[in-house]
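> So here's query.pdb (PDB, C-alpha atoms).
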```pdb
ATOM      1  CA  MET A   1      23.702  81.160 111.974
ATOM      2  CA  ALA A   2      25.579  82.600 114.936
ATOM      3  CA  LYS A   3      27.747  85.636 114.344
ATOM      4  CA  SER A   4      30.235  87.489 116.494
ATOM      5  CA  ILE A   5      29.151  90.925 117.689
ATOM      6  CA  GLU A   6      31.469  93.276 119.601
ATOM      7  CA  VAL A   7      29.974  94.856 122.712
ATOM      8  CA  THR A   8      31.416  97.079 125.427
ATOM      9  CA  LEU A   9      30.761  96.272 129.073
ATOM     10  CA  PHE A  10      32.121  98.633 131.686
ATOM     11  CA  GLY A  11      34.811  99.871 129.319
ATOM     12  CA  LYS A  12      35.946  96.435 128.103
ATOM     13  CA  GLN A  13      35.326  94.989 124.646
ATOM     14  CA  TYR A  14      33.791  91.512 124.365
ATOM     15  CA  PRO A  15      32.939  89.430 121.324
ATOM     16  CA  VAL A  16      29.488  87.866 121.724
ATOM     17  CA  LEU A  17      28.510  84.893 119.582
ATOM     18  CA  SER A  18      24.764  85.017 118.965
ATOM     19  CA  ASP A  19      21.973  83.982 116.623
ATOM     20  CA  LYS A  20      20.055  87.121 117.588
ATOM     21  CA  ASP A  21      20.237  90.240 115.473
ATOM     22  CA  GLU A  22      22.881  92.824 116.319
ATOM     23  CA  LYS A  23      20.375  95.394 117.628
ATOM     24  CA  HIS A  24      19.105  92.914 120.206
ATOM     25  CA  VAL A  25      22.593  91.939 121.374
ATOM     26  CA  VAL A  26      23.634  95.592 121.672
ATOM     27  CA  LYS A  27      20.417  96.390 123.580
ATOM     28  CA  VAL A  28      21.124  93.580 126.070
ATOM     29  CA  ALA A  29      24.760  94.627 126.429
ATOM     30  CA  THR A  30      23.698  98.223 127.017
ATOM     31  CA  LEU A  31      21.372  97.067 129.792
ATOM     32  CA  VAL A  32      24.178  95.065 131.433
ATOM     33  CA  ASP A  33      26.631  97.953 131.058
ATOM     34  CA  SER A  34      24.146 100.382 132.579
ATOM     35  CA  LYS A  35      23.483  98.074 135.540
ATOM     36  CA  MET A  36      27.237  97.599 136.115
ATOM     37  CA  LYS A  37      27.739 101.373 136.188
ATOM     38  CA  GLU A  38      24.817 101.771 138.591
ATOM     39  CA  ILE A  39      26.284  99.176 140.958
ATOM     40  CA  ALA A  40      29.783 100.689 140.632
ATOM     41  CA  GLN A  41      28.408 104.018 141.838
ATOM     42  CA  ALA A  42      26.819 102.302 144.848
ATOM     43  CA  ALA A  43      29.958 100.262 145.602
ATOM     44  CA  PRO A  44      33.004 102.401 144.777
ATOM     45  CA  GLY A  45      36.233 100.435 144.801
ATOM     46  CA  ALA A  46      34.541  97.105 144.079
ATOM     47  CA  SER A  47      36.538  94.814 141.811
ATOM     48  CA  TYR A  48      35.458  94.158 138.242
ATOM     49  CA  SER A  49      34.556  90.558 139.078
ATOM     50  CA  HIS A  50      32.521  91.685 142.101
ATOM     51  CA  LEU A  51      30.634  94.177 139.918
ATOM     52  CA  ALA A  52      30.008  91.482 137.320
ATOM     53  CA  VAL A  53      28.617  89.050 139.908
ATOM     54  CA  MET A  54      26.465  91.717 141.564
ATOM     55  CA  THR A  55      25.159  92.749 138.142
ATOM     56  CA  CYS A  56      24.208  89.145 137.387
ATOM     57  CA  LEU A  57      22.421  88.822 140.722
ATOM     58  CA  ASN A  58      20.552  92.103 140.261
ATOM     59  CA  LEU A  59      19.443  91.268 136.722
ATOM     60  CA  ALA A  60      18.448  87.723 137.758
ATOM     61  CA  ASP A  61      16.383  89.216 140.594
ATOM     62  CA  GLU A  62      14.643  91.558 138.149
ATOM     63  CA  LEU A  63      13.947  88.629 135.804
ATOM     64  CA  CYS A  64      12.521  86.444 138.593
ATOM     65  CA  THR A  65      10.336  89.286 139.839
ATOM     66  CA  ALA A  66       9.015  89.926 136.323
ATOM     67  CA  LYS A  67       8.295  86.214 135.788
ATOM     68  CA  GLU A  68       6.415  86.021 139.101
ATOM     69  CA  ARG A  69       4.399  89.107 138.206
ATOM     70  CA  HIS A  70       3.490  87.695 134.794
ATOM     71  CA  SER A  71       2.669  84.315 136.303
ATOM     72  CA  ASN A  72       0.307  85.973 138.786
ATOM     73  CA  HIS A  73      -1.388  87.915 135.981
ATOM     74  CA  TYR A  74      -1.899  84.733 133.944
ATOM     75  CA  LYS A  75      -3.312  83.002 137.008
ATOM     76  CA  GLU A  76      -5.786  85.863 137.571
ATOM     77  CA  ILE A  77      -6.817  85.805 133.910
ATOM     78  CA  ASP A  78      -7.249  82.025 133.994
ATOM     79  CA  GLU A  79      -9.410  82.274 137.125
ATOM     80  CA  LYS A  80     -11.558  84.990 135.505
ATOM     81  CA  ILE A  81     -11.982  82.928 132.337
ATOM     82  CA  ASN A  82     -13.014  79.860 134.349
ATOM     83  CA  SER A  83     -15.479  81.981 136.336
ATOM     84  CA  LEU A  84     -17.013  83.335 133.122
ATOM     85  CA  ILE A  85     -17.240  79.850 131.632
ATOM     86  CA  GLN A  86     -19.020  78.692 134.779
ATOM     87  CA  GLU A  87     -21.480  81.593 134.558
ATOM     88  CA  ILE A  88     -22.155  80.872 130.876
ATOM     89  CA  ASN A  89     -22.727  77.177 131.596
ATOM     90  CA  ILE A  90     -25.150  78.019 134.420
ATOM     91  CA  LYS A  91     -27.116  80.427 132.197
ATOM     92  CA  LEU A  92     -27.193  77.913 129.335
ATOM     93  CA  SER A  93     -28.406  75.108 131.606
ATOM     94  CA  ASN A  94     -31.247  77.353 132.888
ATOM     95  CA  GLU A  95     -32.607  77.972 129.399
TER      96      GLU A  95
END
```
Using structure tokens, write down the structure that the file contains.


Amino acid sequence: MAKSIEVTLFGKQYPVLSDKDEKHVVKVATLVDSKMKEIAQAAPGASYSHLAVMTCLNLADELCTAKERHSNHYKEIDEKINSLIQEINIKLSNE
């Protein structure tokens, strides 16, 4: 069942409704807060909404990059498995 968990993002309190456990929600909020502070240092004077949007874009970029990396690893593993299966089949057919 979803519960409300209070988190702080860039100095503002937000209630977050989530089915996840509190530690997970706080961990995610801490990541977002940290990224907002990082962007604020790089863009002094940026509005809160600008920081929020830039944070979303940065985190989405990190997520897409990670998914691509994992996808490439799975593809390499799949190709290696298929190659090994082919080698096994060749050896078995020669016996």

> How many Å separate atom CA of A:Tyr48 from atom CA of A:Met36?

9.2 Å

> Residue by residue, what does the PyMOL selection byres ((chain A and resi 58) around 12) grab here? Present the result as an NGL selection string.

:A and (31-32 or 34-36 or 38-39 or 51-57 or 59-65)

> Which is closest to A:Asp19 among A:Ala2, A:Arg69, A:Glu79, A:Val7, if we use all atoms listed in the file?

A:Ala2

> As a list in words, please: the residues near A:Val26 (cut-off 12 Å, all atoms listed in the file, same-chain neighbours under 5 positions excluded).

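With the cut-off at 12 Å, the set is Ser4, Ile5, Glu6, Val7, Thr8, Leu9, Tyr14, Pro15, Val16, Leu17, Ser18, Lys20, Asp21, Leu31, Val32, Asp33 and Ser34 of chain A.
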
> If I take atom CA of A:Ile88 and atom CA of A:Ser71, how far is one from the other in Å, to one decimal?

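Atom CA of A:Ser71 lies at a distance of 25.6 Å from atom CA of A:Ile88.
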
> Between atom CA of A:Val25 and atom CA of A:Gln13, measure the distance and give it in Å to one decimal.

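Those two atoms sit 13.5 Å apart.
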
> Since fewer atoms than expected are present, regenerate N, CA and C atoms for stretch 64-83 of chain A and write them as a compact mmCIF listing (two decimals), in the frame of the given file.


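Now in selection-v4.txt:
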```txt
# COMPACT_ATOMS: atom_id res chain seq x y z
N CYS A 64 13.40 87.28 137.75
CA CYS A 64 12.52 86.44 138.59
C CYS A 64 11.29 87.21 139.04
N THR A 65 11.46 88.46 139.42
CA THR A 65 10.34 89.29 139.84
C THR A 65 9.35 89.48 138.69
N ALA A 66 9.87 89.74 137.50
CA ALA A 66 9.02 89.93 136.32
C ALA A 66 8.27 88.64 135.99
N LYS A 67 8.95 87.50 136.06
CA LYS A 67 8.30 86.21 135.79
C LYS A 67 7.19 85.94 136.80
N GLU A 68 7.44 86.22 138.07
CA GLU A 68 6.42 86.02 139.10
C GLU A 68 5.21 86.92 138.84
N ARG A 69 5.48 88.16 138.49
CA ARG A 69 4.40 89.11 138.21
C ARG A 69 3.55 88.62 137.03
N HIS A 70 4.21 88.18 135.96
CA HIS A 70 3.49 87.70 134.79
C HIS A 70 2.72 86.42 135.12
N SER A 71 3.33 85.55 135.90
CA SER A 71 2.67 84.32 136.30
C SER A 71 1.40 84.62 137.09
N ASN A 72 1.48 85.58 138.00
CA ASN A 72 0.31 85.97 138.79
C ASN A 72 -0.79 86.55 137.90
N HIS A 73 -0.41 87.35 136.90
CA HIS A 73 -1.39 87.92 135.98
C HIS A 73 -2.07 86.81 135.19
N TYR A 74 -1.31 85.84 134.70
CA TYR A 74 -1.90 84.73 133.94
C TYR A 74 -2.84 83.92 134.82
N LYS A 75 -2.46 83.74 136.08
CA LYS A 75 -3.31 83.00 137.01
C LYS A 75 -4.63 83.74 137.21
N GLU A 76 -4.58 85.06 137.40
CA GLU A 76 -5.79 85.86 137.57
C GLU A 76 -6.67 85.79 136.33
N ILE A 77 -6.06 85.88 135.16
CA ILE A 77 -6.82 85.80 133.91
C ILE A 77 -7.47 84.44 133.77
N ASP A 78 -6.72 83.38 134.08
CA ASP A 78 -7.25 82.02 133.99
C ASP A 78 -8.44 81.85 134.94
N GLU A 79 -8.31 82.38 136.16
CA GLU A 79 -9.41 82.27 137.12
C GLU A 79 -10.64 83.03 136.62
N LYS A 80 -10.44 84.20 136.04
CA LYS A 80 -11.56 84.99 135.50
C LYS A 80 -12.22 84.26 134.35
N ILE A 81 -11.43 83.68 133.46
CA ILE A 81 -11.98 82.93 132.34
C ILE A 81 -12.81 81.75 132.85
N ASN A 82 -12.28 81.00 133.80
CA ASN A 82 -13.01 79.86 134.35
C ASN A 82 -14.31 80.30 135.02
N SER A 83 -14.28 81.44 135.70
CA SER A 83 -15.48 81.98 136.34
C SER A 83 -16.52 82.34 135.28
```
